[in-house]
Amino acid sequence: MAMLNANPRLIYTPSFDLRTVFPFLEPVSRTAVLLRPVRATVPDPFASKFGGRIAWPQSEQWPRCPHHAAPHVPVLQLRRDNFPELPFPASADLLQILWCPEDLHPEAALRPSQNVTEPLDDGFTLLLPLPTFRWRMVSQLSAQRLLGEMPKPTVPVTNPHMPHECSLNPVRVTEFPLSEELITASQLEQVENWVRENARQDFEAMNIDPDSGATDFAMQFSVAPGSKVGGFEHFSQYRPEAKCPNCEAKMSHLLTISSSEYGENDAKRWHPYDQNGSVLPLDYDECSGICIGDLDQYFAHVCLRCEERPIIFQSSTQ
């Protein structure tokens, strides 16, 4: 198994389990794996990582953007043995995500037609990268000659869509929904009131004034911000439901690639801690450096009905 956590980034662990206090949360809770990228050179092309050199066979054409003729750049590579929570196809144990780092792409290319409820003007462009993906098998790649160098990108390394190479330091957390599709307004109010009244010790441990507006279930204990596998989508604008382009089934949230790894300054539950329990500074210069749109996120959705696991991408503002 490829080892991770070279630079551990932990988070605060609450003194309570909301699933015990409110049993109705148990069936709707989800496990999320926060990726916690930290800039580092990761020489192994088969490793889980942000950016850098990935395992790409010489015999396979490198993807290029149909709108700019620009080569895609590696964004994220994840192994099954590091992230068993990912619903890999039976024939794969490696996921690769790449995108065109250029800024302008037709909206129709970024929003698959089956996800759009209104006609699109193909001339309208969005300031978003254009993603693609590959499911692969490590054993098959290992038997092939790999590219020694990735194609040179057409944009400078300072481009906000150019990820810096990062190691991953995954942290597994339990998330709870805010959507009324999964939890009623009455249930949510019960949880919020309980947290405000009973989590004072935890707020004090996180250096949060228990009487401030930051003592909020939604901010501190529900959905984690940042790049992650699984869990729920962090706060985002309404978007049409993601449907599979093959079978039209409702797709599931697979992972998030985020412009911000730690969320708001007051969302201290999700801020990084070291192994000694000390809070680390919010140093965004040590992260992937990605900035999608106006500090947006990219959500990857997967169809669990189709064996080949098709993926589509939506930004948090689409």
# chains A, B, ... in the order shown; residues from 1 in each chain; ligands from 1
$ select_by_dssp --residues "range 179-310 of chain A" --states "helix (DSSP H, G or I)" --output "VMD selection string"
chain A and resid 185 to 198 200 to 205 217 to 222 268 to 270 284 to 286
$ closest_atom_pairs --of "range 228-277 of chain A" --to "range 149-171 of chain A" --cutoff "10 Å" --atoms "only C-alpha atoms" --output "Markdown table"
| residue | atom | partner | partner_atom | distance |
| --- | --- | --- | --- | --- |
| A:Lys228 | CA | A:Pro170 | CA | 8.4 |
| A:Val229 | CA | A:Pro170 | CA | 9.3 |
| A:Ser259 | CA | A:Pro160 | CA | 9.2 |
$ write_last_selection --atoms "N, CA and C atoms" --output "compact mmCIF listing (two decimals), in the first residue's frame"
# COMPACT_ATOMS: atom_id res chain seq x y z
N LYS A 228 -12.08 16.84 -0.76
CA LYS A 228 -12.39 15.63 0.01
C LYS A 228 -12.99 14.56 -0.89
N VAL A 229 -12.96 13.35 -0.38
CA VAL A 229 -13.63 12.21 -1.00
C VAL A 229 -14.89 11.93 -0.20
N SER A 259 -11.20 25.39 -3.80
CA SER A 259 -10.27 26.51 -3.78
C SER A 259 -9.79 26.82 -2.36
$ residues_around --residues "range 173-184 of chain A" --least-positions-apart "5" --cutoff "6 Å" --atoms "only C-alpha atoms" --output "JSON, numbers by chain"
{"A": [29, 30, 31, 32, 222, 223]}
$ write_last_selection --atoms "C-alpha atoms" --output "PDB file, in the first residue's frame"
ATOM      1  CA  SER A  29     -24.559  10.640   8.174  1.00  0.00           C
ATOM      2  CA  ARG A  30     -21.682  10.125   5.742  1.00  0.00           C
ATOM      3  CA  THR A  31     -17.965   9.567   6.005  1.00  0.00           C
ATOM      4  CA  ALA A  32     -15.831  12.181   4.276  1.00  0.00           C
ATOM      5  CA  SER A 222     -22.099  19.399   9.750  1.00  0.00           C
ATOM      6  CA  VAL A 223     -20.313  19.519   6.366  1.00  0.00           C
TER       7      VAL A 223
END
$ closest_atom_pairs --of "range 168-233 of chain A" --to "range 261-269 of chain A" --cutoff "9 Å" --atoms "only C-alpha atoms" --output "Markdown table"
| residue | atom | partner | partner_atom | distance |
| --- | --- | --- | --- | --- |
| A:Phe203 | CA | A:Arg269 | CA | 8.7 |
| A:Met206 | CA | A:Lys268 | CA | 6.4 |
| A:Asn207 | CA | A:Lys268 | CA | 8.1 |
| A:Ile208 | CA | A:Lys268 | CA | 7.7 |
| A:Ala214 | CA | A:Asp266 | CA | 6.0 |
| A:Met219 | CA | A:Ala267 | CA | 5.7 |
| A:Gln220 | CA | A:Arg269 | CA | 5.3 |
| A:Phe221 | CA | A:Arg269 | CA | 7.3 |
| A:Ala224 | CA | A:Gly263 | CA | 8.0 |
| A:Pro225 | CA | A:Gly263 | CA | 5.2 |
| A:Gly226 | CA | A:Glu261 | CA | 3.7 |
| A:Ser227 | CA | A:Glu261 | CA | 6.1 |
$ residues_around --residues "Trp194 in chain A" --least-positions-apart "5" --cutoff "10 Å" --atoms "only C-alpha atoms" --output "PyMOL selection string"
chain A and resi 18+21-22+188-189+199+217
$ closest_atom_pairs --of "range 271-299 of chain A" --to "range 122-146 of chain A" --cutoff "9 Å" --atoms "only C-alpha atoms" --output "JSON lines"
{"residue": "A:Ile292", "atom": "CA", "partner": "A:Leu128", "partner_atom": "CA", "distance": 6.2}
{"residue": "A:Gly293", "atom": "CA", "partner": "A:Leu127", "partner_atom": "CA", "distance": 5.7}
{"residue": "A:Asp294", "atom": "CA", "partner": "A:Leu127", "partner_atom": "CA", "distance": 8.9}
$ write_last_selection --atoms "C-alpha atoms" --output "compact mmCIF listing (two decimals), in the first residue's frame"
# COMPACT_ATOMS: atom_id res chain seq x y z
CA ILE A 292 -11.63 27.86 -9.25
CA GLY A 293 -13.70 30.82 -10.38
CA ASP A 294 -14.50 33.06 -7.41
$ select_by_dssp --residues "range 44-243 of chain A" --states "strand (DSSP E or B)" --output "PDB file with C-alpha atoms, in the first residue's frame"
ATOM      1  CA  LYS A  49      -1.394  13.246  -4.848  1.00  0.00           C
ATOM      2  CA  PHE A  50      -2.368  16.636  -6.192  1.00  0.00           C
ATOM      3  CA  PRO A  57       1.205   5.226 -20.603  1.00  0.00           C
ATOM      4  CA  ARG A  64      -6.013  18.090 -25.042  1.00  0.00           C
ATOM      5  CA  PRO A  71      -2.745  19.904 -23.014  1.00  0.00           C
ATOM      6  CA  VAL A  73      -2.680  19.129 -16.554  1.00  0.00           C
ATOM      7  CA  PRO A  74      -2.818  16.505 -13.779  1.00  0.00           C
ATOM      8  CA  VAL A  75      -4.987  17.666 -10.899  1.00  0.00           C
ATOM      9  CA  LEU A  76      -5.657  14.703  -8.633  1.00  0.00           C
ATOM     10  CA  GLN A  77      -4.674  11.032  -8.532  1.00  0.00           C
ATOM     11  CA  LEU A  78      -6.190   8.656  -5.965  1.00  0.00           C
ATOM     12  CA  ARG A  79      -5.437   4.998  -5.252  1.00  0.00           C
ATOM     13  CA  LEU A  94      -6.608   4.243  -9.630  1.00  0.00           C
ATOM     14  CA  LEU A  95      -8.536   7.436 -10.418  1.00  0.00           C
ATOM     15  CA  GLN A  96      -6.924  10.259 -12.382  1.00  0.00           C
ATOM     16  CA  ILE A  97      -8.486  13.703 -12.828  1.00  0.00           C
ATOM     17  CA  LEU A  98      -7.005  16.215 -15.254  1.00  0.00           C
ATOM     18  CA  TRP A  99      -8.292  19.471 -16.662  1.00  0.00           C
ATOM     19  CA  CYS A 100      -7.590  22.154 -19.216  1.00  0.00           C
ATOM     20  CA  LEU A 104     -12.558  30.359 -20.919  1.00  0.00           C
ATOM     21  CA  HIS A 105     -14.714  27.426 -22.022  1.00  0.00           C
ATOM     22  CA  PRO A 106     -18.199  27.318 -23.554  1.00  0.00           C
ATOM     23  CA  THR A 125     -18.053  31.350 -21.490  1.00  0.00           C
ATOM     24  CA  LEU A 126     -17.248  30.539 -17.885  1.00  0.00           C
ATOM     25  CA  LEU A 127     -13.965  31.163 -16.071  1.00  0.00           C
ATOM     26  CA  LEU A 130     -12.497  21.836 -18.219  1.00  0.00           C
ATOM     27  CA  PRO A 131     -12.027  18.459 -16.446  1.00  0.00           C
ATOM     28  CA  THR A 132     -11.652  14.898 -17.668  1.00  0.00           C
ATOM     29  CA  PHE A 133     -10.909  11.634 -15.865  1.00  0.00           C
ATOM     30  CA  ARG A 134      -9.545   8.098 -16.191  1.00  0.00           C
ATOM     31  CA  TRP A 135     -10.227   4.947 -14.174  1.00  0.00           C
ATOM     32  CA  ARG A 136      -7.151   2.697 -14.373  1.00  0.00           C
ATOM     33  CA  LEU A 146       5.129   5.534 -18.812  1.00  0.00           C
ATOM     34  CA  CYS A 166       1.139  18.117  -3.030  1.00  0.00           C
ATOM     35  CA  SER A 167       1.203  15.078  -0.823  1.00  0.00           C
ATOM     36  CA  VAL A 171      -8.439  12.791   7.698  1.00  0.00           C
ATOM     37  CA  ARG A 172     -11.685  10.826   8.013  1.00  0.00           C
ATOM     38  CA  VAL A 173     -14.648  12.633   9.545  1.00  0.00           C
ATOM     39  CA  THR A 174     -18.380  12.108   9.958  1.00  0.00           C
ATOM     40  CA  GLU A 175     -20.596  14.637   8.216  1.00  0.00           C
ATOM     41  CA  LYS A 228     -12.393  15.630   0.008  1.00  0.00           C
ATOM     42  CA  VAL A 229     -13.629  12.205  -0.997  1.00  0.00           C
ATOM     43  CA  GLY A 230     -17.260  11.427  -0.226  1.00  0.00           C
ATOM     44  CA  LYS A 243     -27.998  12.739 -13.917  1.00  0.00           C
TER      45      LYS A 243
END
$ atom_distance --atom1 "CA of His253 in chain A" --atom2 "CA of Ser91 in chain A"
20.6 Å
$ closest_residue --among "A:Cys303, A:Leu25, A:Val42, A:Ala249" --to "Gln187 in chain A" --atoms "only C-alpha atoms"
A:Leu25
$ closest_residue --among "A:Ile257, A:Ile54, A:Ala92, A:Cys291" --to "Leu147 in chain A" --atoms "only C-alpha atoms"
A:Ile54
$ atom_distance --atom1 "CA of Val191 in chain A" --atom2 "CA of Val33 in chain A"
23.1 Å
$ closest_residue --among "A:Gly289, A:Pro84, A:Pro310, A:Gly277" --to "Ala242 in chain A" --atoms "only C-alpha atoms"
A:Pro310
$ closest_residue --among "A:Arg53, A:His67, A:Arg36, A:His301" --to "Glu233 in chain A" --atoms "only C-alpha atoms"
A:His301
$ atom_distance --atom1 "CA of Phe299 in chain A" --atom2 "CA of Leu254 in chain A"
7.5 Å
$ closest_residue --among "A:Ser316, A:Gln275, A:Asn246, A:Thr215" --to "Val195 in chain A" --atoms "only C-alpha atoms"
A:Thr215
